[in-house]
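> This is the structure, below, for whatever I ask next.
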Amino acid sequence: MAFPASCSRPGRAVQGDRSRAIRRALPEEVPVAIVCDGTTQAVMMASPGDIEDFACGFALTERIVTALDQIEGFETLTHDRGIEARLWLRADRGEKLGARRRFMAGPVGCGLCGIDSLDEATRPLPHVGTTGPVLSRA
């Protein structure tokens with residue numbers, strides 16, 4: 001299964017007292033689990049393109065590795081609920097990673113902070129009903 005990088009959606013363009021039907025290309029996002037040596041480090045929402053660059057950038061930014069040659073292997077596994085980006089680290093980096101297992105938690109954001117599986121990231125949401133805010137041009 002491949003996840004599309006974008007989708008086309010209908011909308012309305014409003015200018016003054018006039019409006020017209022339009023279509024917009026919107027980026028898609030999918031849960032991506034960054035897995036190092038078999039252990040999930042984080043689950044984040046990302047566009048499904050360039051997953052290897054995304055995962056390697058995360059590993060560098062979080063100091064899991066300090067250079068790309070410390071990553072010995074990479075594979076992408078696509079599931080119904082998201083993507084696993086699997087990094088296999090050089091032995092010395094794997095040992096350091098085990099010693100500093102990171103727990104991500106945060107009070108704001110997309111809601112995935114602290115989630116460590118694709119199943120948790122795609123759990124069913126509560127139904128909110130059909131009534132909601134009404135927007136006007138005023």
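Just remember, in the structure tokens the first chain shown is A, the second B, etc., residues are 1-based per chain, and ligands are 1-based in the order shown.
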So that I can see what lies close to A:Ala85, please list as a PyMOL selection string the residues with an atom at most 12 Å from it, counting only C-alpha atoms and leaving out residues fewer than 6 positions away in the same chain.
chain A and resi 31-44+46+48-59+73-79+118
> One decimal, Å: what's the distance from atom CA of A:Asp80 over to atom CA of A:Phe3, could you say?
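Spanning atom CA of A:Asp80 to atom CA of A:Phe3 is a straight-line distance of 9.4 Å.
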> Which residues are close to A:Asp69, i.e. within 10 Å by only C-alpha atoms, leaving aside same-chain residues fewer than 4 positions away? Reply as a PDB file with C-alpha atoms, in the first residue's frame.

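Contents of out_26.pdb, freshly written:
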```
ATOM      1  CA  VAL A  65      23.474   9.629  15.561  1.00  0.00           C
ATOM      2  CA  GLY A  73      20.648   0.213   7.328  1.00  0.00           C
ATOM      3  CA  LEU A  89      22.507   1.734  13.897  1.00  0.00           C
ATOM      4  CA  ARG A  90      26.199   1.028  14.242  1.00  0.00           C
TER       5      ARG A  90
END
```
> Using Å and a single decimal, report how far atom CA of A:Pro124 sits from atom CA of A:Arg81.
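So the two atoms, atom CA of A:Arg81 and atom CA of A:Pro124, lie 11.5 Å apart.
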> List as a ChimeraX atom specification the protein and nucleic acid residues near A:Ile22, meaning an atom at most 12 Å away when only C-alpha atoms are counted, but skip any in the same chain fewer than 2 places from it.
/A:8-14,19-20,24-25
> Since we have the selection now, will you write its residues out, keeping all heavy atoms, as a PDB file, in the first residue's frame?

```
ATOM      1  N   SER A   8      -6.710  16.283  -3.959  1.00  0.00           N
ATOM      2  CA  SER A   8      -7.415  17.447  -4.483  1.00  0.00           C
ATOM      3  C   SER A   8      -8.780  17.530  -3.810  1.00  0.00           C
ATOM      4  O   SER A   8      -9.500  16.533  -3.726  1.00  0.00           O
ATOM      5  CB  SER A   8      -7.589  17.296  -6.004  1.00  0.00           C
ATOM      6  OG  SER A   8      -8.325  18.377  -6.523  1.00  0.00           O
ATOM      7  N   ARG A   9      -9.124  18.692  -3.286  1.00  0.00           N
ATOM      8  CA  ARG A   9     -10.375  18.876  -2.556  1.00  0.00           C
ATOM      9  C   ARG A   9     -11.124  20.091  -3.097  1.00  0.00           C
ATOM     10  O   ARG A   9     -10.516  21.100  -3.452  1.00  0.00           O
ATOM     11  CB  ARG A   9     -10.119  19.100  -1.067  1.00  0.00           C
ATOM     12  CG  ARG A   9      -9.524  17.919  -0.370  1.00  0.00           C
ATOM     13  CD  ARG A   9     -10.581  16.829  -0.169  1.00  0.00           C
ATOM     14  NE  ARG A   9     -10.064  15.757   0.639  1.00  0.00           N
ATOM     15  CZ  ARG A   9      -9.768  14.564   0.165  1.00  0.00           C
ATOM     16  NH1 ARG A   9      -9.912  14.289  -1.089  1.00  0.00           N
ATOM     17  NH2 ARG A   9      -9.312  13.632   0.962  1.00  0.00           N
ATOM     18  N   PRO A  10     -12.472  20.012  -3.117  1.00  0.00           N
ATOM     19  CA  PRO A  10     -13.257  21.167  -3.558  1.00  0.00           C
ATOM     20  C   PRO A  10     -13.304  22.238  -2.473  1.00  0.00           C
ATOM     21  O   PRO A  10     -13.132  21.948  -1.282  1.00  0.00           O
ATOM     22  CB  PRO A  10     -14.651  20.573  -3.800  1.00  0.00           C
ATOM     23  CG  PRO A  10     -14.718  19.392  -2.883  1.00  0.00           C
ATOM     24  CD  PRO A  10     -13.313  18.855  -2.800  1.00  0.00           C
ATOM     25  N   GLY A  11     -13.508  23.455  -2.894  1.00  0.00           N
ATOM     26  CA  GLY A  11     -13.627  24.557  -1.950  1.00  0.00           C
ATOM     27  C   GLY A  11     -14.298  25.745  -2.607  1.00  0.00           C
ATOM     28  O   GLY A  11     -14.812  25.634  -3.720  1.00  0.00           O
ATOM     29  N   ARG A  12     -14.327  26.873  -1.930  1.00  0.00           N
ATOM     30  CA  ARG A  12     -14.900  28.102  -2.476  1.00  0.00           C
ATOM     31  C   ARG A  12     -13.910  29.236  -2.268  1.00  0.00           C
ATOM     32  O   ARG A  12     -13.328  29.381  -1.197  1.00  0.00           O
ATOM     33  CB  ARG A  12     -16.209  28.451  -1.778  1.00  0.00           C
ATOM     34  CG  ARG A  12     -17.281  27.381  -2.041  1.00  0.00           C
ATOM     35  CD  ARG A  12     -18.676  27.920  -2.204  1.00  0.00           C
ATOM     36  NE  ARG A  12     -18.980  28.852  -3.240  1.00  0.00           N
ATOM     37  CZ  ARG A  12     -19.272  28.548  -4.510  1.00  0.00           C
ATOM     38  NH1 ARG A  12     -19.200  27.319  -4.922  1.00  0.00           N
ATOM     39  NH2 ARG A  12     -19.614  29.479  -5.365  1.00  0.00           N
ATOM     40  N   ALA A  13     -13.726  30.015  -3.306  1.00  0.00           N
ATOM     41  CA  ALA A  13     -12.919  31.228  -3.216  1.00  0.00           C
ATOM     42  C   ALA A  13     -13.887  32.400  -3.079  1.00  0.00           C
ATOM     43  O   ALA A  13     -14.857  32.512  -3.829  1.00  0.00           O
ATOM     44  CB  ALA A  13     -12.054  31.397  -4.458  1.00  0.00           C
ATOM     45  N   VAL A  14     -13.665  33.242  -2.074  1.00  0.00           N
ATOM     46  CA  VAL A  14     -14.546  34.378  -1.812  1.00  0.00           C
ATOM     47  C   VAL A  14     -13.737  35.652  -1.994  1.00  0.00           C
ATOM     48  O   VAL A  14     -12.655  35.804  -1.416  1.00  0.00           O
ATOM     49  CB  VAL A  14     -15.124  34.316  -0.381  1.00  0.00           C
ATOM     50  CG1 VAL A  14     -16.003  35.518  -0.103  1.00  0.00           C
ATOM     51  CG2 VAL A  14     -15.887  33.018  -0.171  1.00  0.00           C
ATOM     52  N   SER A  19     -18.289  34.665  -5.040  1.00  0.00           N
ATOM     53  CA  SER A  19     -17.580  33.430  -4.704  1.00  0.00           C
ATOM     54  C   SER A  19     -17.630  32.511  -5.913  1.00  0.00           C
ATOM     55  O   SER A  19     -18.489  32.646  -6.778  1.00  0.00           O
ATOM     56  CB  SER A  19     -18.198  32.752  -3.479  1.00  0.00           C
ATOM     57  OG  SER A  19     -19.445  32.196  -3.787  1.00  0.00           O
ATOM     58  N   ARG A  20     -16.697  31.595  -5.950  1.00  0.00           N
ATOM     59  CA  ARG A  20     -16.652  30.630  -7.056  1.00  0.00           C
ATOM     60  C   ARG A  20     -16.105  29.304  -6.542  1.00  0.00           C
ATOM     61  O   ARG A  20     -15.343  29.259  -5.568  1.00  0.00           O
ATOM     62  CB  ARG A  20     -15.816  31.156  -8.217  1.00  0.00           C
ATOM     63  CG  ARG A  20     -14.376  31.380  -7.883  1.00  0.00           C
ATOM     64  CD  ARG A  20     -13.604  32.001  -9.077  1.00  0.00           C
ATOM     65  NE  ARG A  20     -12.325  32.482  -8.661  1.00  0.00           N
ATOM     66  CZ  ARG A  20     -11.214  31.752  -8.594  1.00  0.00           C
ATOM     67  NH1 ARG A  20     -11.249  30.486  -8.932  1.00  0.00           N
ATOM     68  NH2 ARG A  20     -10.079  32.280  -8.195  1.00  0.00           N
ATOM     69  N   ARG A  24      -8.386  22.631  -4.650  1.00  0.00           N
ATOM     70  CA  ARG A  24      -7.077  22.898  -4.067  1.00  0.00           C
ATOM     71  C   ARG A  24      -6.326  21.579  -3.886  1.00  0.00           C
ATOM     72  O   ARG A  24      -6.916  20.574  -3.479  1.00  0.00           O
ATOM     73  CB  ARG A  24      -7.202  23.549  -2.683  1.00  0.00           C
ATOM     74  CG  ARG A  24      -7.783  24.915  -2.696  1.00  0.00           C
ATOM     75  CD  ARG A  24      -6.697  25.926  -2.964  1.00  0.00           C
ATOM     76  NE  ARG A  24      -7.209  27.265  -2.716  1.00  0.00           N
ATOM     77  CZ  ARG A  24      -7.002  28.281  -3.504  1.00  0.00           C
ATOM     78  NH1 ARG A  24      -6.295  28.138  -4.595  1.00  0.00           N
ATOM     79  NH2 ARG A  24      -7.487  29.465  -3.210  1.00  0.00           N
ATOM     80  N   ALA A  25      -5.049  21.619  -4.179  1.00  0.00           N
ATOM     81  CA  ALA A  25      -4.183  20.481  -3.872  1.00  0.00           C
ATOM     82  C   ALA A  25      -3.719  20.648  -2.433  1.00  0.00           C
ATOM     83  O   ALA A  25      -3.195  21.696  -2.061  1.00  0.00           O
ATOM     84  CB  ALA A  25      -2.988  20.448  -4.819  1.00  0.00           C
TER      85      ALA A  25
END
```
